[in-house]
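Next comes upload-v5.pdb, with PDB, C-alpha atoms and all ligand atoms.
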```pdb
ATOM      1  CA  LEU A   9     -43.342 -24.470  27.311  1.00  0.00           C
ATOM      2  CA  THR A  10     -42.978 -22.039  24.470  1.00  0.00           C
ATOM      3  CA  VAL A  11     -44.894 -21.519  21.295  1.00  0.00           C
ATOM      4  CA  ALA A  12     -42.877 -21.264  18.123  1.00  0.00           C
ATOM      5  CA  THR A  13     -44.167 -19.183  15.264  1.00  0.00           C
ATOM      6  CA  ASP A  14     -42.767 -21.376  12.520  1.00  0.00           C
ATOM      7  CA  ASP A  15     -44.124 -24.691  11.348  1.00  0.00           C
ATOM      8  CA  GLU A  16     -40.943 -26.661  11.788  1.00  0.00           C
ATOM      9  CA  ASP A  17     -41.393 -29.883  13.702  1.00  0.00           C
ATOM     10  CA  ARG A  18     -38.622 -31.096  15.913  1.00  0.00           C
ATOM     11  CA  GLY A  19     -37.674 -34.499  17.236  1.00  0.00           C
ATOM     12  CA  ALA A  20     -40.371 -36.338  19.093  1.00  0.00           C
ATOM     13  CA  THR A  21     -43.035 -33.883  18.014  1.00  0.00           C
ATOM     14  CA  LYS A  22     -43.081 -35.665  14.645  1.00  0.00           C
ATOM     15  CA  LEU A  23     -44.922 -38.536  16.286  1.00  0.00           C
ATOM     16  CA  LYS A  24     -48.623 -38.428  15.560  1.00  0.00           C
ATOM     17  CA  PHE A  25     -51.233 -40.038  17.740  1.00  0.00           C
ATOM     18  CA  LEU A  26     -54.838 -41.137  17.536  1.00  0.00           C
ATOM     19  CA  VAL A  27     -56.329 -41.326  21.017  1.00  0.00           C
ATOM     20  CA  ASP A  28     -59.440 -43.372  21.705  1.00  0.00           C
ATOM     21  CA  GLY A  29     -62.459 -42.116  23.627  1.00  0.00           C
ATOM     22  CA  MET A  30     -61.334 -43.282  27.053  1.00  0.00           C
ATOM     23  CA  LEU A  31     -58.144 -41.199  27.127  1.00  0.00           C
ATOM     24  CA  GLY A  32     -59.450 -37.670  26.567  1.00  0.00           C
ATOM     25  CA  SER A  33     -57.445 -35.996  29.341  1.00  0.00           C
ATOM     26  CA  LEU A  34     -54.273 -37.611  27.998  1.00  0.00           C
ATOM     27  CA  ALA A  35     -55.075 -36.295  24.503  1.00  0.00           C
ATOM     28  CA  VAL A  36     -55.215 -32.743  25.898  1.00  0.00           C
ATOM     29  CA  LYS A  37     -51.817 -33.167  27.563  1.00  0.00           C
ATOM     30  CA  LEU A  38     -50.250 -34.620  24.416  1.00  0.00           C
ATOM     31  CA  ARG A  39     -51.451 -31.603  22.442  1.00  0.00           C
ATOM     32  CA  MET A  40     -50.054 -29.198  25.015  1.00  0.00           C
ATOM     33  CA  LEU A  41     -46.807 -31.165  24.756  1.00  0.00           C
ATOM     34  CA  GLY A  42     -46.772 -30.438  21.034  1.00  0.00           C
ATOM     35  CA  PHE A  43     -47.787 -33.838  19.695  1.00  0.00           C
ATOM     36  CA  ASP A  44     -50.150 -33.904  16.732  1.00  0.00           C
ATOM     37  CA  THR A  45     -53.012 -35.748  18.434  1.00  0.00           C
ATOM     38  CA  LEU A  46     -56.432 -36.693  17.135  1.00  0.00           C
ATOM     39  CA  TYR A  47     -58.984 -37.493  19.792  1.00  0.00           C
ATOM     40  CA  ASP A  48     -61.838 -39.664  18.627  1.00  0.00           C
ATOM     41  CA  LYS A  49     -64.673 -40.743  20.894  1.00  0.00           C
ATOM     42  CA  GLU A  50     -67.193 -41.401  18.118  1.00  0.00           C
ATOM     43  CA  SER A  51     -65.605 -43.999  15.877  1.00  0.00           C
ATOM     44  CA  SER A  52     -65.928 -47.761  16.219  1.00  0.00           C
ATOM     45  CA  ASP A  53     -62.861 -49.893  16.862  1.00  0.00           C
ATOM     46  CA  ALA A  54     -62.713 -50.835  13.179  1.00  0.00           C
ATOM     47  CA  GLN A  55     -62.887 -47.170  12.160  1.00  0.00           C
ATOM     48  CA  LEU A  56     -60.190 -46.184  14.662  1.00  0.00           C
ATOM     49  CA  MET A  57     -57.887 -48.829  13.235  1.00  0.00           C
ATOM     50  CA  LYS A  58     -58.557 -47.605   9.709  1.00  0.00           C
ATOM     51  CA  ILE A  59     -57.954 -43.952  10.624  1.00  0.00           C
ATOM     52  CA  ALA A  60     -54.711 -44.819  12.431  1.00  0.00           C
ATOM     53  CA  LYS A  61     -53.434 -46.725   9.431  1.00  0.00           C
ATOM     54  CA  GLN A  62     -54.455 -44.119   6.844  1.00  0.00           C
ATOM     55  CA  SER A  63     -53.139 -41.141   8.794  1.00  0.00           C
ATOM     56  CA  LYS A  64     -49.977 -42.972   9.957  1.00  0.00           C
ATOM     57  CA  ARG A  65     -50.829 -42.311  13.584  1.00  0.00           C
ATOM     58  CA  ILE A  66     -50.056 -44.439  16.588  1.00  0.00           C
ATOM     59  CA  LEU A  67     -53.311 -45.544  18.178  1.00  0.00           C
ATOM     60  CA  LEU A  68     -53.335 -45.114  21.950  1.00  0.00           C
ATOM     61  CA  THR A  69     -55.913 -47.091  23.858  1.00  0.00           C
ATOM     62  CA  SER A  70     -56.606 -48.588  27.256  1.00  0.00           C
ATOM     63  CA  ASP A  71     -58.901 -51.174  25.657  1.00  0.00           C
ATOM     64  CA  MET A  72     -56.986 -54.446  25.501  1.00  0.00           C
ATOM     65  CA  SER A  73     -59.309 -56.017  22.923  1.00  0.00           C
ATOM     66  CA  LEU A  74     -58.813 -53.030  20.593  1.00  0.00           C
ATOM     67  CA  TYR A  75     -55.087 -53.297  21.223  1.00  0.00           C
ATOM     68  CA  SER A  76     -55.045 -57.008  20.288  1.00  0.00           C
ATOM     69  CA  ARG A  77     -57.114 -56.448  17.158  1.00  0.00           C
ATOM     70  CA  SER A  78     -54.813 -53.588  16.119  1.00  0.00           C
ATOM     71  CA  ILE A  79     -51.667 -55.640  16.508  1.00  0.00           C
ATOM     72  CA  LEU A  80     -53.211 -58.494  14.518  1.00  0.00           C
ATOM     73  CA  SER A  81     -54.126 -56.026  11.781  1.00  0.00           C
ATOM     74  CA  GLN A  82     -50.659 -54.430  11.805  1.00  0.00           C
ATOM     75  CA  VAL A  83     -51.945 -51.099  13.077  1.00  0.00           C
ATOM     76  CA  SER A  84     -49.400 -49.211  15.195  1.00  0.00           C
ATOM     77  CA  CYS A  85     -50.958 -49.318  18.616  1.00  0.00           C
ATOM     78  CA  ILE A  86     -49.809 -48.845  22.188  1.00  0.00           C
ATOM     79  CA  ALA A  87     -51.843 -50.079  25.149  1.00  0.00           C
ATOM     80  CA  LEU A  88     -51.822 -47.733  28.125  1.00  0.00           C
ATOM     81  CA  THR A  89     -52.902 -49.611  31.214  1.00  0.00           C
ATOM     82  CA  LYS A  90     -52.274 -47.090  33.994  1.00  0.00           C
ATOM     83  CA  LYS A  91     -54.991 -45.047  35.663  1.00  0.00           C
ATOM     84  CA  ASP A  92     -53.483 -41.546  35.643  1.00  0.00           C
ATOM     85  CA  ASP A  93     -51.984 -39.461  32.875  1.00  0.00           C
ATOM     86  CA  ALA A  94     -48.514 -39.068  34.403  1.00  0.00           C
ATOM     87  CA  SER A  95     -48.175 -42.862  34.605  1.00  0.00           C
ATOM     88  CA  ARG A  96     -49.616 -43.239  31.115  1.00  0.00           C
ATOM     89  CA  LEU A  97     -47.057 -40.770  29.730  1.00  0.00           C
ATOM     90  CA  ILE A  98     -44.290 -42.759  31.412  1.00  0.00           C
ATOM     91  CA  GLU A  99     -45.662 -45.965  29.844  1.00  0.00           C
ATOM     92  CA  LEU A 100     -45.842 -44.245  26.475  1.00  0.00           C
ATOM     93  CA  LEU A 101     -42.262 -42.916  26.569  1.00  0.00           C
ATOM     94  CA  LYS A 102     -40.925 -46.318  27.561  1.00  0.00           C
ATOM     95  CA  GLN A 103     -42.816 -47.985  24.707  1.00  0.00           C
ATOM     96  CA  LEU A 104     -41.439 -45.452  22.246  1.00  0.00           C
ATOM     97  CA  ASN A 105     -37.916 -45.547  23.666  1.00  0.00           C
ATOM     98  CA  ILE A 106     -37.992 -41.824  24.356  1.00  0.00           C
ATOM     99  CA  SER A 107     -35.964 -40.856  27.398  1.00  0.00           C
ATOM    100  CA  THR A 108     -37.295 -37.361  28.002  1.00  0.00           C
ATOM    101  CA  LEU A 109     -40.200 -35.128  27.140  1.00  0.00           C
ATOM    102  CA  ASP A 110     -39.119 -31.774  25.735  1.00  0.00           C
ATOM    103  CA  ALA A 111     -40.654 -28.957  27.768  1.00  0.00           C
ATOM    104  CA  SER A 112     -39.700 -26.380  25.149  1.00  0.00           C
ATOM    105  CA  VAL A 113     -41.762 -27.702  22.251  1.00  0.00           C
ATOM    106  CA  LYS A 114     -44.506 -25.624  20.760  1.00  0.00           C
ATOM    107  CA  SER A 115     -47.901 -26.536  22.078  1.00  0.00           C
ATOM    108  CA  ARG A 116     -50.912 -27.296  19.962  1.00  0.00           C
ATOM    109  CA  CYS A 117     -54.467 -26.225  20.741  1.00  0.00           C
ATOM    110  CA  SER A 118     -55.849 -28.435  23.509  1.00  0.00           C
ATOM    111  CA  ILE A 119     -59.364 -28.106  22.093  1.00  0.00           C
ATOM    112  CA  CYS A 120     -58.860 -28.872  18.399  1.00  0.00           C
ATOM    113  CA  ASN A 121     -55.185 -29.843  17.841  1.00  0.00           C
ATOM    114  CA  GLY A 122     -54.583 -26.736  15.709  1.00  0.00           C
ATOM    115  CA  SER A 123     -51.242 -24.929  15.614  1.00  0.00           C
ATOM    116  CA  LEU A 124     -50.768 -21.979  17.965  1.00  0.00           C
ATOM    117  CA  VAL A 125     -49.304 -18.698  16.769  1.00  0.00           C
ATOM    118  CA  GLU A 126     -48.294 -15.629  18.714  1.00  0.00           C
ATOM    119  CA  ASP A 127     -51.124 -13.163  19.122  1.00  0.00           C
ATOM    120  CA  LEU A 128     -51.107  -9.527  20.209  1.00  0.00           C
ATOM    121  CA  PRO A 129     -50.535  -9.150  23.955  1.00  0.00           C
ATOM    122  CA  ASP A 130     -53.646  -8.508  26.039  1.00  0.00           C
ATOM    123  CA  GLU A 131     -54.403  -5.131  27.662  1.00  0.00           C
ATOM    124  CA  PHE A 132     -52.090  -6.023  30.570  1.00  0.00           C
ATOM    125  CA  GLY A 133     -49.201  -6.753  28.215  1.00  0.00           C
ATOM    126  CA  ARG A 134     -49.308 -10.482  28.813  1.00  0.00           C
ATOM    127  CA  ALA A 135     -48.107 -12.677  25.938  1.00  0.00           C
ATOM    128  CA  ARG A 136     -50.942 -14.387  24.209  1.00  0.00           C
ATOM    129  CA  TYR A 137     -51.294 -17.135  21.604  1.00  0.00           C
ATOM    130  CA  ARG A 138     -54.060 -17.971  19.209  1.00  0.00           C
ATOM    131  CA  CYS A 139     -55.139 -21.250  17.605  1.00  0.00           C
ATOM    132  CA  VAL A 140     -55.045 -20.875  13.824  1.00  0.00           C
ATOM    133  CA  ALA A 141     -57.962 -23.296  13.486  1.00  0.00           C
ATOM    134  CA  CYS A 142     -60.540 -22.524  16.213  1.00  0.00           C
ATOM    135  CA  LYS A 143     -59.199 -19.060  17.218  1.00  0.00           C
ATOM    136  CA  LYS A 144     -59.101 -19.908  20.928  1.00  0.00           C
ATOM    137  CA  LYS A 145     -56.650 -17.674  22.815  1.00  0.00           C
ATOM    138  CA  TYR A 146     -54.094 -18.928  25.297  1.00  0.00           C
ATOM    139  CA  TRP A 147     -52.072 -17.199  27.969  1.00  0.00           C
ATOM    140  CA  ARG A 148     -49.024 -18.648  29.639  1.00  0.00           C
ATOM    141  CA  GLY A 149     -50.338 -19.463  33.059  1.00  0.00           C
ATOM    142  CA  SER A 150     -51.271 -22.204  35.465  1.00  0.00           C
ATOM    143  CA  HIS A 151     -52.179 -24.520  32.584  1.00  0.00           C
ATOM    144  CA  TRP A 152     -48.609 -24.473  31.254  1.00  0.00           C
ATOM    145  CA  ASN A 153     -46.952 -24.346  34.669  1.00  0.00           C
ATOM    146  CA  ASN A 154     -48.809 -27.496  35.690  1.00  0.00           C
ATOM    147  CA  LEU A 155     -47.708 -29.149  32.492  1.00  0.00           C
ATOM    148  CA  GLU A 156     -44.069 -28.243  33.119  1.00  0.00           C
ATOM    149  CA  LYS A 157     -44.342 -29.900  36.525  1.00  0.00           C
ATOM    150  CA  LEU A 158     -45.821 -32.969  34.883  1.00  0.00           C
ATOM    151  CA  VAL A 159     -42.940 -33.060  32.380  1.00  0.00           C
ATOM    152  CA  GLU A 160     -40.434 -32.942  35.250  1.00  0.00           C
ATOM    153  CA  THR A 161     -42.188 -35.770  37.077  1.00  0.00           C
ATOM    154  CA  VAL A 162     -42.356 -37.935  33.972  1.00  0.00           C
ATOM    155  CA  ASN A 163     -38.746 -37.293  32.934  1.00  0.00           C
ATOM    156  CA  ARG A 164     -37.461 -38.060  36.414  1.00  0.00           C
ATOM    157  CA  SER A 165     -39.373 -41.304  36.509  1.00  0.00           C
ATOM    158  CA  VAL A 166     -38.295 -42.424  33.024  1.00  0.00           C
ATOM    159  CA  SER A 167     -34.622 -41.659  33.694  1.00  0.00           C
ATOM    160  CA  ASN A 168     -34.791 -43.658  36.934  1.00  0.00           C
ATOM    161  CA  GLY A 169     -36.085 -46.636  34.948  1.00  0.00           C
TER     162      GLY A 169
HETATM  163 ZN    ZN A 201     -58.061 -24.797  18.350  1.00  0.00          ZN
END
```
Output the file's structure as structure tokens, nothing else.
Amino acid sequence: LTVATDDEDRGATKLKFLVDGMLGSLAVKLRMLGFDTLYDKESSDAQLMKIAKQSKRILLTSDMSLYSRSILSQVSCIALTKKDDASRLIELLKQLNISTLDASVKSRCSICNGSLVEDLPDEFGRARYRCVACKKKYWRGSHWNNLEKLVETVNRSVSNG
């Protein structure tokens, strides 16, 4: 995964999500995959539905009653029923008719969903990125390598149907 310095969104990264309280680890992965993702573990079901509608986000939930209420209220909502994030990502891509995740998108901050920009390298010359919102610094490392493996797994599975 790379981090672009411009603000131009590409392809699937235009999708925006609102993730309910039960899917926190998925929210982190979606942000690292460059999706604009709000994670909300405080709001009631009714509030989540309202936020999704107002902010034109797709509500992701594993709560089937919230899913049913959302569909009845014409809120964009996808139910994710699987127990691990790789399987949930596969479910999500199939629902959205996306055939592959793009491993070259710019990541967003996994903590706050802010945009990442290039920062000065650290004292060892390693490339570093900084969240424009919360200032957290990121290095390319195991975090991203693990995510690239996840992207491969998901893409292979989606392309095999
Ligand atoms: Zn941040």
Item to complete: Kindly provide, as a ChimeraX atom specification, all nucleotide and amino acid residues lying within 12 Å of ligand ZN 201 (chain A), counting all atoms listed in the file.
Response: /A:36,39-40,115-125,137-146
Would you mind exporting the chosen residues as a compact mmCIF listing (two decimals), in the coordinates of the input, restricted to C-alpha atoms?
```txt
# COMPACT_ATOMS: atom_id res chain seq x y z
CA VAL A 36 -55.22 -32.74 25.90
CA ARG A 39 -51.45 -31.60 22.44
CA MET A 40 -50.05 -29.20 25.02
CA SER A 115 -47.90 -26.54 22.08
CA ARG A 116 -50.91 -27.30 19.96
CA CYS A 117 -54.47 -26.22 20.74
CA SER A 118 -55.85 -28.44 23.51
CA ILE A 119 -59.36 -28.11 22.09
CA CYS A 120 -58.86 -28.87 18.40
CA ASN A 121 -55.18 -29.84 17.84
CA GLY A 122 -54.58 -26.74 15.71
CA SER A 123 -51.24 -24.93 15.61
CA LEU A 124 -50.77 -21.98 17.96
CA VAL A 125 -49.30 -18.70 16.77
CA TYR A 137 -51.29 -17.14 21.60
CA ARG A 138 -54.06 -17.97 19.21
CA CYS A 139 -55.14 -21.25 17.60
CA VAL A 140 -55.04 -20.88 13.82
CA ALA A 141 -57.96 -23.30 13.49
CA CYS A 142 -60.54 -22.52 16.21
CA LYS A 143 -59.20 -19.06 17.22
CA LYS A 144 -59.10 -19.91 20.93
CA LYS A 145 -56.65 -17.67 22.82
CA TYR A 146 -54.09 -18.93 25.30
```
Practice prompt. Output the residue selection produced by the PyMOL selection byres (((chain A and resi 152-167) around 8) and not hetatm) on the file above, formatted as a VMD selection string.
Written response: chain A and resid 9 37 40 94 to 95 97 to 98 101 to 102 107 to 111 148 to 151 168 to 169
Could you write out that same residue set with C-alpha atoms as a PDB file, keeping the file's coordinate frame?
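Dumped to part-v9.pdb:
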```
ATOM      1  CA  LEU A   9     -43.342 -24.470  27.311  1.00  0.00           C
ATOM      2  CA  LYS A  37     -51.817 -33.167  27.563  1.00  0.00           C
ATOM      3  CA  MET A  40     -50.054 -29.198  25.015  1.00  0.00           C
ATOM      4  CA  ALA A  94     -48.514 -39.068  34.403  1.00  0.00           C
ATOM      5  CA  SER A  95     -48.175 -42.862  34.605  1.00  0.00           C
ATOM      6  CA  LEU A  97     -47.057 -40.770  29.730  1.00  0.00           C
ATOM      7  CA  ILE A  98     -44.290 -42.759  31.412  1.00  0.00           C
ATOM      8  CA  LEU A 101     -42.262 -42.916  26.569  1.00  0.00           C
ATOM      9  CA  LYS A 102     -40.925 -46.318  27.561  1.00  0.00           C
ATOM     10  CA  SER A 107     -35.964 -40.856  27.398  1.00  0.00           C
ATOM     11  CA  THR A 108     -37.295 -37.361  28.002  1.00  0.00           C
ATOM     12  CA  LEU A 109     -40.200 -35.128  27.140  1.00  0.00           C
ATOM     13  CA  ASP A 110     -39.119 -31.774  25.735  1.00  0.00           C
ATOM     14  CA  ALA A 111     -40.654 -28.957  27.768  1.00  0.00           C
ATOM     15  CA  ARG A 148     -49.024 -18.648  29.639  1.00  0.00           C
ATOM     16  CA  GLY A 149     -50.338 -19.463  33.059  1.00  0.00           C
ATOM     17  CA  SER A 150     -51.271 -22.204  35.465  1.00  0.00           C
ATOM     18  CA  HIS A 151     -52.179 -24.520  32.584  1.00  0.00           C
ATOM     19  CA  ASN A 168     -34.791 -43.658  36.934  1.00  0.00           C
ATOM     20  CA  GLY A 169     -36.085 -46.636  34.948  1.00  0.00           C
TER      21      GLY A 169
END
```
Discussion item. Calculated over all atoms listed in the file, which of the candidates A:Ser76, A:Thr45, A:Ser81, A:Asn105 has the smallest distance to Lys61 in chain A?
Written reply: A:Ser81
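Minimum atom-to-atom distance to Leu104 in chain A, evaluated using only C-alpha atoms, belongs to A:Leu23 out of A:Ser78, A:Leu23, A:Pro129, A:Leu38.
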Worksheet item: Which residue gives the smallest distance to Phe25 in chain A among A:Leu88, A:Ala54, A:Ile66, A:Ile106, with only C-alpha atoms counted?
Response: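 Of A:Leu88, A:Ala54, A:Ile66, A:Ile106, the one nearest Phe25 in chain A is A:Ile66, counting only C-alpha atoms.
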Fill in: Between CA of Leu34 in chain A and CA of Glu126 in chain A - distance in Å to one decimal
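So the two atoms, CA of Glu126 in chain A and CA of Leu34 in chain A, lie 24.6 Å apart.
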Worksheet item: Which distance in Å separates CA of Asp44 in chain A and CA of Asp92 in chain A, to one decimal?
Response: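 Those two atoms sit 20.7 Å apart.
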Discussion item. With distances taken over only C-alpha atoms, which residue among A:Phe43, A:Tyr75, A:Trp147, A:Phe132 lies nearest Val113 in chain A?
Written reply: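 Checking each candidate against Val113 in chain A, we get A:Phe43 as the closest.
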Kindly provide, as a compact mmCIF listing (two decimals) with C-alpha atoms, in the frame of the given file, the polymer residues lying within 9 Å of (-59.9, -40.3, 22.2), counting all atoms listed in the file and using the coordinates exactly as they appear in the file.
```txt
# COMPACT_ATOMS: atom_id res chain seq x y z
CA LEU A 26 -54.84 -41.14 17.54
CA VAL A 27 -56.33 -41.33 21.02
CA ASP A 28 -59.44 -43.37 21.70
CA GLY A 29 -62.46 -42.12 23.63
CA MET A 30 -61.33 -43.28 27.05
CA LEU A 31 -58.14 -41.20 27.13
CA GLY A 32 -59.45 -37.67 26.57
CA SER A 33 -57.44 -36.00 29.34
CA LEU A 34 -54.27 -37.61 28.00
CA ALA A 35 -55.08 -36.30 24.50
CA LEU A 46 -56.43 -36.69 17.14
CA TYR A 47 -58.98 -37.49 19.79
CA ASP A 48 -61.84 -39.66 18.63
CA LYS A 49 -64.67 -40.74 20.89
CA GLU A 50 -67.19 -41.40 18.12
CA LEU A 68 -53.34 -45.11 21.95
CA THR A 69 -55.91 -47.09 23.86
```
Item to complete: Go ahead and compute the interatomic distance for CA of Ser51 in chain A and CA of Gln103 in chain A, in Å to one decimal.
Response: 24.8 Å
Fill in: Residues near Arg77 in chain A, cut-off 9 Å, all atoms listed in the file, skip fewer than 5 positions along chain, as a list in words
Asp53, Ala54, Met57, Met72, Gln82 and Val83 of chain A
Worksheet item: Restricting the calculation to all atoms listed in the file, which member of A:Leu128, A:Ala87, A:Ala135, A:Ala60 is positioned closest to Ser73 in chain A?
Response: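 With all atoms listed in the file as the atom set, the closest residue is A:Ala87.
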Give the padded box for range 46-59 of chain A as AutoDock Vina command-line options: axis-aligned, covering all atoms listed in the file, 5 Å on each side, centre and edge lengths in Å to one decimal.
```
--center_x -61.8 --center_y -43.8 --center_z 15.3 --size_x 20.8 --size_y 24.1 --size_z 21.2
```
Discussion item. I'd like to know which of A:Lys90, A:Ser112, A:Lys24, A:Arg96 is closest to Ser63 in chain A, using all atoms listed in the file.
Written reply: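 Of A:Lys90, A:Ser112, A:Lys24, A:Arg96, the one nearest Ser63 in chain A is A:Lys24, counting all atoms listed in the file.
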